[in-house]
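Shown below: protein25.pdb, with PDB, C-alpha atoms (C1' of nucleotides).
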```
ATOM      1  CA  MET A1170      36.480  29.887  12.262
ATOM      2  CA  ASP A1171      36.323  31.248  15.784
ATOM      3  CA  GLU A1172      38.791  33.875  16.950
ATOM      4  CA  LYS A1173      39.473  31.792  20.087
ATOM      5  CA  VAL A1174      40.619  28.905  17.952
ATOM      6  CA  TYR A1175      43.075  31.098  16.047
ATOM      7  CA  GLU A1176      44.418  32.314  19.371
ATOM      8  CA  ALA A1177      44.862  28.802  20.714
ATOM      9  CA  GLU A1178      46.581  27.741  17.508
ATOM     10  CA  ALA A1179      48.876  30.778  17.698
ATOM     11  CA  GLU A1180      49.769  29.835  21.287
ATOM     12  CA  TYR A1181      50.592  26.341  20.148
ATOM     13  CA  PHE A1182      52.998  27.652  17.502
ATOM     14  CA  LYS A1183      54.466  30.114  19.974
ATOM     15  CA  ALA A1184      55.418  27.193  22.186
ATOM     16  CA  LEU A1185      57.381  25.749  19.260
ATOM     17  CA  SER A1186      58.985  29.036  18.269
ATOM     18  CA  HIS A1187      62.220  28.660  20.185
ATOM     19  CA  PRO A1188      65.160  26.454  19.178
ATOM     20  CA  THR A1189      65.645  25.111  22.688
ATOM     21  CA  ARG A1190      62.034  24.018  22.901
ATOM     22  CA  ILE A1191      62.216  22.269  19.549
ATOM     23  CA  LYS A1192      65.348  20.518  20.770
ATOM     24  CA  ILE A1193      63.525  19.380  23.880
ATOM     25  CA  VAL A1194      60.683  17.865  21.878
ATOM     26  CA  GLN A1195      63.134  16.074  19.593
ATOM     27  CA  TYR A1196      65.062  14.773  22.578
ATOM     28  CA  LEU A1197      61.876  13.354  24.050
ATOM     29  CA  LYS A1198      61.329  11.343  20.899
ATOM     30  CA  GLY A1199      63.427   8.771  22.735
ATOM     31  CA  GLY A1200      60.727   8.614  25.401
ATOM     32  CA  GLU A1201      60.155  10.010  28.845
ATOM     33  CA  ARG A1202      63.114  11.838  30.411
ATOM     34  CA  CYS A1203      63.990  13.215  33.804
ATOM     35  CA  VAL A1204      64.743  16.944  34.084
ATOM     36  CA  CYS A1205      68.062  15.806  35.487
ATOM     37  CA  GLU A1206      68.827  14.318  32.041
ATOM     38  CA  ILE A1207      67.339  17.126  29.952
ATOM     39  CA  VAL A1208      69.347  19.922  31.581
ATOM     40  CA  PRO A1209      72.791  18.401  30.949
ATOM     41  CA  TYR A1210      71.753  17.405  27.445
ATOM     42  CA  LEU A1211      70.845  20.994  26.574
ATOM     43  CA  LYS A1212      73.772  22.517  28.484
ATOM     44  CA  GLU A1213      71.650  25.471  29.506
ATOM     45  CA  GLU A1214      70.718  26.946  32.873
ATOM     46  CA  GLN A1215      68.470  24.720  34.920
ATOM     47  CA  SER A1216      65.991  27.520  35.617
ATOM     48  CA  ASN A1217      65.819  28.398  31.971
ATOM     49  CA  VAL A1218      65.190  24.799  30.933
ATOM     50  CA  SER A1219      62.519  24.552  33.593
ATOM     51  CA  ARG A1220      60.697  27.504  32.053
ATOM     52  CA  HIS A1221      60.950  26.093  28.533
ATOM     53  CA  LEU A1222      59.520  22.803  29.777
ATOM     54  CA  ALA A1223      56.702  24.697  31.475
ATOM     55  CA  ALA A1224      55.921  26.536  28.223
ATOM     56  CA  LEU A1225      55.599  23.258  26.323
ATOM     57  CA  LYS A1226      53.519  21.709  29.067
ATOM     58  CA  ARG A1227      51.228  24.723  29.289
ATOM     59  CA  VAL A1228      49.902  24.219  25.754
ATOM     60  CA  GLY A1229      49.676  20.438  26.187
ATOM     61  CA  ILE A1230      52.589  19.359  24.019
ATOM     62  CA  LEU A1231      54.317  17.803  27.029
ATOM     63  CA  SER A1232      53.111  16.262  30.257
ATOM     64  CA  SER A1233      55.023  15.478  33.407
ATOM     65  CA  ARG A1234      54.964  13.206  36.394
ATOM     66  CA  LYS A1235      56.820  13.414  39.634
ATOM     67  CA  GLU A1236      58.753  10.509  41.085
ATOM     68  CA  GLY A1237      60.336  11.309  44.386
ATOM     69  CA  VAL A1238      62.382  14.404  43.898
ATOM     70  CA  SER A1239      62.644  13.891  40.146
ATOM     71  CA  VAL A1240      60.266  15.085  37.435
ATOM     72  CA  TYR A1241      59.817  13.172  34.198
ATOM     73  CA  TYR A1242      58.573  14.873  31.059
ATOM     74  CA  LYS A1243      57.197  13.207  27.968
ATOM     75  CA  VAL A1244      55.478  14.206  24.745
ATOM     76  CA  GLN A1245      51.734  14.210  25.214
ATOM     77  CA  ASP A1246      50.898  15.410  21.715
ATOM     78  CA  GLU A1247      52.470  12.891  19.362
ATOM     79  CA  ASN A1248      51.097  14.954  16.491
ATOM     80  CA  VAL A1249      53.866  17.429  17.171
ATOM     81  CA  TYR A1250      56.378  15.244  15.353
ATOM     82  CA  LYS A1251      54.432  15.427  12.114
ATOM     83  CA  ILE A1252      54.311  19.189  12.515
ATOM     84  CA  LEU A1253      58.040  19.438  13.192
ATOM     85  CA  ASP A1254      58.811  17.241  10.189
ATOM     86  CA  LEU A1255      56.630  19.274   7.862
ATOM     87  CA  ALA A1256      58.061  22.565   9.108
ATOM     88  CA  LEU A1257      61.562  21.219   8.646
ATOM     89  CA  SER A1258      60.843  20.222   5.073
ATOM     90  CA  SER A1259      59.324  23.653   4.406
ATOM     91  CA  VAL A1260      62.298  25.439   5.891
ATOM     92  CA  LYS A1261      64.701  23.348   3.847
ATOM     93  CA  ARG A1262      62.794  23.839   0.629
ATOM     94  CA  ILE A1263      62.544  27.574   1.199
ATOM     95  CA  ALA A1264      66.285  27.765   1.892
ATOM     96  CA  ARG A1265      66.998  25.755  -1.245
ATOM     97  CA  GLU A1266      64.847  28.046  -3.375
ATOM     98  CA  LYS A1267      66.437  31.119  -1.865
ATOM     99  CA  ALA A1268      69.884  29.708  -2.661
ATOM    100  CA  ALA A1269      68.802  28.904  -6.207
ATOM    101  CA  ILE A1270      67.637  32.458  -6.816
ATOM    102  CA  LEU A1271      70.981  33.850  -5.664
ATOM    103  CA  SER A1272      72.927  31.648  -8.044
TER     104      SER A1272
ATOM    105  CA  MET B1164      70.803  18.304  13.784
ATOM    106  CA  ASP B1165      72.427  21.668  13.266
ATOM    107  CA  GLU B1166      71.672  24.574  15.590
ATOM    108  CA  LYS B1167      71.026  26.780  12.554
ATOM    109  CA  VAL B1168      68.273  24.470  11.413
ATOM    110  CA  TYR B1169      66.543  24.627  14.794
ATOM    111  CA  GLU B1170      66.741  28.398  14.628
ATOM    112  CA  ALA B1171      65.245  28.528  11.149
ATOM    113  CA  GLU B1172      62.469  26.178  12.204
ATOM    114  CA  ALA B1173      61.785  28.315  15.279
ATOM    115  CA  GLU B1174      61.555  31.393  13.042
ATOM    116  CA  TYR B1175      59.082  29.585  10.843
ATOM    117  CA  PHE B1176      56.847  28.787  13.813
ATOM    118  CA  LYS B1177      57.234  32.322  15.116
ATOM    119  CA  ALA B1178      55.771  33.590  11.858
ATOM    120  CA  LEU B1179      52.696  31.440  12.529
ATOM    121  CA  SER B1180      52.392  32.388  16.185
ATOM    122  CA  HIS B1181      49.918  35.222  15.806
ATOM    123  CA  PRO B1182      46.177  34.843  15.181
ATOM    124  CA  THR B1183      46.124  37.565  12.520
ATOM    125  CA  ARG B1184      48.890  35.873  10.567
ATOM    126  CA  ILE B1185      47.113  32.520  10.709
ATOM    127  CA  LYS B1186      43.969  34.259   9.476
ATOM    128  CA  ILE B1187      45.914  35.734   6.573
ATOM    129  CA  VAL B1188      47.235  32.341   5.496
ATOM    130  CA  GLN B1189      43.764  30.825   5.696
ATOM    131  CA  TYR B1190      42.320  33.707   3.703
ATOM    132  CA  LEU B1191      44.907  33.144   0.981
ATOM    133  CA  LYS B1192      43.717  29.569   0.610
ATOM    134  CA  GLY B1193      41.310  31.124  -1.877
ATOM    135  CA  GLY B1194      44.302  32.197  -3.964
ATOM    136  CA  GLU B1195      46.279  35.335  -4.523
ATOM    137  CA  ARG B1196      44.876  38.495  -2.952
ATOM    138  CA  CYS B1197      45.582  42.181  -3.159
ATOM    139  CA  VAL B1198      46.541  44.008   0.064
ATOM    140  CA  CYS B1199      43.536  46.175  -0.712
ATOM    141  CA  GLU B1200      41.351  43.096  -0.159
ATOM    142  CA  ILE B1201      43.264  41.671   2.816
ATOM    143  CA  VAL B1202      43.092  44.825   4.934
ATOM    144  CA  PRO B1203      39.280  45.219   4.833
ATOM    145  CA  TYR B1204      38.860  41.479   5.369
ATOM    146  CA  LEU B1205      40.905  41.598   8.586
ATOM    147  CA  LYS B1206      39.472  44.939   9.728
ATOM    148  CA  GLU B1207      42.817  45.922  11.188
ATOM    149  CA  GLU B1208      45.124  48.886  10.604
ATOM    150  CA  GLN B1209      46.719  48.919   7.186
ATOM    151  CA  SER B1210      50.206  49.461   8.589
ATOM    152  CA  ASN B1211      49.782  46.593  10.990
ATOM    153  CA  VAL B1212      48.563  44.225   8.283
ATOM    154  CA  SER B1213      51.490  45.274   6.139
ATOM    155  CA  ARG B1214      53.886  44.224   8.889
ATOM    156  CA  HIS B1215      52.150  40.884   9.405
ATOM    157  CA  LEU B1216      52.368  40.220   5.670
ATOM    158  CA  ALA B1217      56.054  41.130   5.739
ATOM    159  CA  ALA B1218      56.648  38.691   8.618
ATOM    160  CA  LEU B1219      55.071  35.830   6.652
ATOM    161  CA  LYS B1220      56.965  36.757   3.527
ATOM    162  CA  ARG B1221      60.269  37.025   5.372
ATOM    163  CA  VAL B1222      60.279  33.323   6.251
ATOM    164  CA  GLY B1223      59.031  32.311   2.802
ATOM    165  CA  ILE B1224      55.475  31.322   3.663
ATOM    166  CA  LEU B1225      54.106  34.049   1.385
ATOM    167  CA  SER B1226      55.380  35.742  -1.736
ATOM    168  CA  SER B1227      54.212  38.934  -3.367
ATOM    169  CA  ARG B1228      54.138  40.642  -6.694
ATOM    170  CA  LYS B1229      53.453  44.215  -7.578
ATOM    171  CA  GLU B1230      50.957  45.215 -10.210
ATOM    172  CA  GLY B1231      50.768  48.929 -10.687
ATOM    173  CA  VAL B1232      50.131  50.437  -7.317
ATOM    174  CA  SER B1233      48.702  47.209  -5.923
ATOM    175  CA  VAL B1234      50.560  44.350  -4.244
ATOM    176  CA  TYR B1235      49.300  40.797  -4.448
ATOM    177  CA  TYR B1236      50.269  38.199  -1.863
ATOM    178  CA  LYS B1237      49.949  34.462  -2.185
ATOM    179  CA  VAL B1238      51.008  31.369  -0.280
ATOM    180  CA  GLN B1239      54.394  30.219  -1.471
ATOM    181  CA  ASP B1240      54.707  27.317   0.967
ATOM    182  CA  GLU B1241      51.680  25.128   0.332
ATOM    183  CA  ASN B1242      52.969  22.842   3.061
ATOM    184  CA  VAL B1243      51.761  25.406   5.559
ATOM    185  CA  TYR B1244      48.193  24.170   5.210
ATOM    186  CA  LYS B1245      49.115  20.691   6.370
ATOM    187  CA  ILE B1246      50.886  22.253   9.317
ATOM    188  CA  LEU B1247      47.919  24.455  10.196
ATOM    189  CA  ASP B1248      45.546  21.499   9.940
ATOM    190  CA  LEU B1249      47.686  19.316  12.185
ATOM    191  CA  ALA B1250      48.119  22.078  14.749
ATOM    192  CA  LEU B1251      44.391  22.676  14.743
ATOM    193  CA  SER B1252      43.669  19.026  15.388
ATOM    194  CA  SER B1253      46.247  18.996  18.194
ATOM    195  CA  VAL B1254      44.783  22.088  19.789
ATOM    196  CA  LYS B1255      41.279  20.648  19.594
ATOM    197  CA  ARG B1256      42.301  17.314  21.006
ATOM    198  CA  ILE B1257      44.217  18.941  23.835
ATOM    199  CA  ALA B1258      41.218  21.141  24.660
ATOM    200  CA  ARG B1259      38.936  18.111  24.599
ATOM    201  CA  GLU B1260      41.199  16.182  26.959
ATOM    202  CA  LYS B1261      41.481  19.162  29.284
ATOM    203  CA  ALA B1262      37.690  19.447  29.360
ATOM    204  CA  ALA B1263      37.364  15.717  30.037
ATOM    205  CA  ILE B1264      39.686  15.918  33.034
ATOM    206  CA  LEU B1265      37.659  18.737  34.555
ATOM    207  CA  SER B1266      34.408  16.809  34.300
TER     208      SER B1266
ATOM    209  C1'  DA C 998      52.800  69.466 -12.098
ATOM    210  C1'  DT C 999      49.160  68.393  -8.719
ATOM    211  C1'  DA C1000      46.387  65.426  -6.473
ATOM    212  C1'  DC C1001      44.997  60.908  -5.185
ATOM    213  C1'  DT C1002      45.471  55.956  -3.991
ATOM    214  C1'  DA C1003      47.956  51.923  -2.310
ATOM    215  C1'  DT C1004      51.512  50.088   0.393
ATOM    216  C1'  DA C1005      55.575  50.281   3.292
ATOM    217  C1'  DT C1006      58.262  52.133   6.939
ATOM    218  C1'  DG C1007      60.169  55.284  10.834
ATOM    219  C1'  DA C1008      59.325  56.608  15.526
ATOM    220  C1'  DA C1009      57.297  55.919  19.847
ATOM    221  C1'  DC C1010      55.317  53.225  23.258
ATOM    222  C1'  DA C1011      53.363  49.198  25.748
ATOM    223  C1'  DT C1012      53.624  44.433  26.218
ATOM    224  C1'  DT C1013      55.791  40.056  26.068
ATOM    225  C1'  DT C1014      59.597  37.037  26.101
ATOM    226  C1'  DA C1015      64.129  35.160  27.440
ATOM    227  C1'  DA C1016      67.907  34.847  30.501
ATOM    228  C1'  DT C1017      70.084  34.998  34.924
ATOM    229  C1'  DC C1018      70.652  35.017  39.832
ATOM    230  C1'  DA C1019      68.921  34.012  44.053
ATOM    231  C1'  DT C1020      65.838  31.503  46.672
ATOM    232  C1'  DA C1021      61.843  28.482  47.791
ATOM    233  C1'  DA C1022      59.784  23.982  48.163
ATOM    234  C1'  DA C1023      59.821  19.159  48.364
ATOM    235  C1'  DA C1024      61.925  14.860  48.902
ATOM    236  C1'  DA C1025      65.685  11.904  50.585
ATOM    237  C1'  DG C1026      69.678  10.632  53.369
ATOM    238  C1'  DG C1027      72.604  10.903  57.246
TER     239       DG C1027
ATOM    240  C1'  DC D 178      66.953  17.877  62.780
ATOM    241  C1'  DC D 179      70.189  19.282  59.377
ATOM    242  C1'  DT D 180      72.036  18.820  54.825
ATOM    243  C1'  DT D 181      71.868  17.846  50.185
ATOM    244  C1'  DT D 182      69.636  17.250  45.802
ATOM    245  C1'  DT D 183      66.184  18.319  42.376
ATOM    246  C1'  DT D 184      62.970  21.303  40.336
ATOM    247  C1'  DA D 185      60.210  25.508  40.209
ATOM    248  C1'  DT D 186      59.561  30.358  40.809
ATOM    249  C1'  DG D 187      60.171  35.515  42.103
ATOM    250  C1'  DA D 188      62.726  39.556  40.745
ATOM    251  C1'  DT D 189      65.400  41.908  37.564
ATOM    252  C1'  DT D 190      67.051  43.242  33.205
ATOM    253  C1'  DA D 191      67.632  43.167  28.158
ATOM    254  C1'  DA D 192      65.713  42.337  23.934
ATOM    255  C1'  DA D 193      61.974  41.357  20.758
ATOM    256  C1'  DT D 194      57.271  42.022  19.354
ATOM    257  C1'  DG D 195      52.854  44.295  18.268
ATOM    258  C1'  DT D 196      50.348  48.452  17.659
ATOM    259  C1'  DT D 197      49.474  53.121  16.272
ATOM    260  C1'  DC D 198      50.234  57.528  14.085
ATOM    261  C1'  DA D 199      52.479  60.029  10.819
ATOM    262  C1'  DT D 200      54.936  60.101   6.713
ATOM    263  C1'  DA D 201      57.441  58.349   2.659
ATOM    264  C1'  DT D 202      57.324  56.208  -1.774
ATOM    265  C1'  DA D 203      55.523  54.767  -6.009
ATOM    266  C1'  DG D 204      52.128  54.532  -9.360
ATOM    267  C1'  DT D 205      47.893  56.626 -11.698
ATOM    268  C1'  DA D 206      44.972  59.990 -13.202
ATOM    269  C1'  DT D 207      43.483  64.830 -14.082
TER     270       DT D 207
END
```
Encoded form using structure tokens:
Amino acid sequence: MDEKVYEAEAEYFKALSHPTRIKIVQYLKGGERCVCEIVPYLKEEQSNVSRHLAALKRVGILSSRKEGVSVYYKVQDENVYKILDLALSSVKRIAREKAAILS
Amino acid sequence: MDEKVYEAEAEYFKALSHPTRIKIVQYLKGGERCVCEIVPYLKEEQSNVSRHLAALKRVGILSSRKEGVSVYYKVQDENVYKILDLALSSVKRIAREKAAILS
DNA sequence: ATACTATATGAACATTTAATCATAAAAAGG
DNA sequence: CCTTTTTATGATTAAATGTTCATATAGTAT
């Protein structure tokens, strides 16, 4: 496979490699949300949330639209939920096995 | 969901967020491999490859066993291939859509 | 014991990422 | 026009990451 493809795939995973960004994607499972709803939900700095949203949008996981002064974000890549689910099951299984070894 | 779980999931994605590490996982699709095979395959510094392998092992994606002076790595989390495949299809679709918009 | 091979790790450095504060830009309301 | 609200962005700083070189460690062979 092409080096460029590996790089793009790595960028995609990098966008998901922060707990706040995973939380954002999960929150948007409920559908499109205004930044003015996302910020209070996360209880983090507005500027920080704005940058996390930009990171997810940059790789195409999210998209946004402006309505007046508000900006609405939604999941553009529905595939991401399958990926999050699989990663979660991996993480849980790995943790379970690690616990089993220590017992 | 628990904050700890989001953090563990983020760590998992972080392990996949480097082209060399993705290449390693794909290479190990062929089964267990000695570091002495992985390094020449990647054509990167031995010490660097060693650190990438350690990063993948740390989160449980790979495991290793020692045989004499050699160390063999293999994929411990077979789930990772489903995740890589899904991410690849997302990345391709996103690229296709981006190209379509520009045309 | 010495020398050689395979792998991991410490130290150093450059780059990237995350967080915060302050401010800019755009829209809306008075 | 001035003010307020919402979101994005520049600047700064701290921390994490990736790379390289040199070296340590462990196993094997002579």
Between atom C1' of DA1003 of chain C and atom CA of Lys1237 of chain B, distance in Å (one decimal): 17.6 Å
Hits of the PyMOL selection byres ((chain B and resi 1236) around 8) in this structure, as a ChimeraX atom specification: /B:1191,1195-1198,1225-1228,1234-1235,1237-1238
Distance filter 8 Å, only C-alpha atoms (C1' of nucleotides), chain A against chain D, as a list in words: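 So the contacting residues turn out to be Val1204, Cys1205, Ser1216, Ser1219, Val1238, Ser1239 and Val1240 of chain A.
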The PyMOL selection byres ((chain C) within 12 of (chain A)) applied to the shown file, residues as a ChimeraX atom specification: /C:1013-1020,1022-1025
Nearest-residue call for Leu1179 of chain B, choices A:Met1170, A:Ala1223, A:Ala1256, A:Val1208, using all atoms listed in the file: A:Ala1256
Between atom CA of Pro1188 of chain A and atom CA of Asp1165 of chain B, distance in Å (one decimal):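 That distance, rounded to one decimal, is 10.5 Å.
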Between atom CA of Gln1245 of chain A and atom CA of Leu1257 of chain A, distance in Å (one decimal):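 Those two atoms sit 20.5 Å apart.
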Residue completion, segment 1243-1262 of chain B, N, CA, C and O atoms, as an mmCIF file, in the coordinates of the input:
```cif
data_model
loop_
_atom_site.group_PDB
_atom_site.id
_atom_site.type_symbol
_atom_site.label_atom_id
_atom_site.label_comp_id
_atom_site.auth_asym_id
_atom_site.auth_seq_id
_atom_site.Cartn_x
_atom_site.Cartn_y
_atom_site.Cartn_z
ATOM 1 N N VAL B 1243 52.253 24.731 4.353
ATOM 2 C CA VAL B 1243 51.761 25.406 5.559
ATOM 3 C C VAL B 1243 50.338 24.966 5.914
ATOM 4 O O VAL B 1243 49.974 24.951 7.092
ATOM 5 N N TYR B 1244 49.568 24.583 4.915
ATOM 6 C CA TYR B 1244 48.193 24.170 5.210
ATOM 7 C C TYR B 1244 48.135 22.851 5.958
ATOM 8 O O TYR B 1244 47.297 22.648 6.830
ATOM 9 N N LYS B 1245 49.051 21.957 5.620
ATOM 10 C CA LYS B 1245 49.115 20.691 6.370
ATOM 11 C C LYS B 1245 49.489 20.978 7.822
ATOM 12 O O LYS B 1245 48.947 20.389 8.757
ATOM 13 N N ILE B 1246 50.427 21.901 7.971
ATOM 14 C CA ILE B 1246 50.886 22.253 9.317
ATOM 15 C C ILE B 1246 49.762 22.893 10.118
ATOM 16 O O ILE B 1246 49.519 22.541 11.277
ATOM 17 N N LEU B 1247 49.044 23.806 9.502
ATOM 18 C CA LEU B 1247 47.919 24.455 10.196
ATOM 19 C C LEU B 1247 46.845 23.441 10.569
ATOM 20 O O LEU B 1247 46.282 23.501 11.660
ATOM 21 N N ASP B 1248 46.571 22.512 9.660
ATOM 22 C CA ASP B 1248 45.546 21.499 9.940
ATOM 23 C C ASP B 1248 45.956 20.602 11.104
ATOM 24 O O ASP B 1248 45.148 20.305 11.989
ATOM 25 N N LEU B 1249 47.209 20.183 11.102
ATOM 26 C CA LEU B 1249 47.686 19.316 12.185
ATOM 27 C C LEU B 1249 47.656 20.051 13.522
ATOM 28 O O LEU B 1249 47.232 19.493 14.536
ATOM 29 N N ALA B 1250 48.108 21.300 13.504
ATOM 30 C CA ALA B 1250 48.119 22.078 14.749
ATOM 31 C C ALA B 1250 46.695 22.267 15.267
ATOM 32 O O ALA B 1250 46.441 22.166 16.467
ATOM 33 N N LEU B 1251 45.784 22.508 14.334
ATOM 34 C CA LEU B 1251 44.391 22.676 14.743
ATOM 35 C C LEU B 1251 43.854 21.409 15.391
ATOM 36 O O LEU B 1251 43.189 21.468 16.431
ATOM 37 N N SER B 1252 44.180 20.271 14.802
ATOM 38 C CA SER B 1252 43.669 19.026 15.388
ATOM 39 C C SER B 1252 44.315 18.771 16.742
ATOM 40 O O SER B 1252 43.657 18.299 17.675
ATOM 41 N N SER B 1253 45.586 19.136 16.888
ATOM 42 C CA SER B 1253 46.247 18.996 18.194
ATOM 43 C C SER B 1253 45.573 19.873 19.231
ATOM 44 O O SER B 1253 45.245 19.421 20.332
ATOM 45 N N VAL B 1254 45.380 21.131 18.864
ATOM 46 C CA VAL B 1254 44.783 22.088 19.789
ATOM 47 C C VAL B 1254 43.385 21.629 20.219
ATOM 48 O O VAL B 1254 43.032 21.704 21.390
ATOM 49 N N LYS B 1255 42.630 21.115 19.268
ATOM 50 C CA LYS B 1255 41.279 20.648 19.594
ATOM 51 C C LYS B 1255 41.316 19.430 20.511
ATOM 52 O O LYS B 1255 40.558 19.330 21.463
ATOM 53 N N ARG B 1256 42.207 18.512 20.186
ATOM 54 C CA ARG B 1256 42.301 17.314 21.006
ATOM 55 C C ARG B 1256 42.739 17.650 22.428
ATOM 56 O O ARG B 1256 42.186 17.147 23.403
ATOM 57 N N ILE B 1257 43.726 18.538 22.522
ATOM 58 C CA ILE B 1257 44.217 18.941 23.835
ATOM 59 C C ILE B 1257 43.100 19.607 24.643
ATOM 60 O O ILE B 1257 42.919 19.325 25.826
ATOM 61 N N ALA B 1258 42.329 20.460 23.975
ATOM 62 C CA ALA B 1258 41.218 21.141 24.660
ATOM 63 C C ALA B 1258 40.172 20.131 25.120
ATOM 64 O O ALA B 1258 39.627 20.236 26.217
ATOM 65 N N ARG B 1259 39.921 19.147 24.266
ATOM 66 C CA ARG B 1259 38.936 18.111 24.599
ATOM 67 C C ARG B 1259 39.395 17.323 25.833
ATOM 68 O O ARG B 1259 38.624 17.091 26.754
ATOM 69 N N GLU B 1260 40.670 16.953 25.826
ATOM 70 C CA GLU B 1260 41.199 16.182 26.959
ATOM 71 C C GLU B 1260 41.181 17.002 28.244
ATOM 72 O O GLU B 1260 40.878 16.476 29.313
ATOM 73 N N LYS B 1261 41.496 18.290 28.099
ATOM 74 C CA LYS B 1261 41.481 19.162 29.284
ATOM 75 C C LYS B 1261 40.063 19.245 29.837
ATOM 76 O O LYS B 1261 39.848 19.150 31.040
ATOM 77 N N ALA B 1262 39.089 19.371 28.943
ATOM 78 C CA ALA B 1262 37.690 19.447 29.360
ATOM 79 C C ALA B 1262 37.253 18.147 30.038
ATOM 80 O O ALA B 1262 36.538 18.154 31.036
#
```
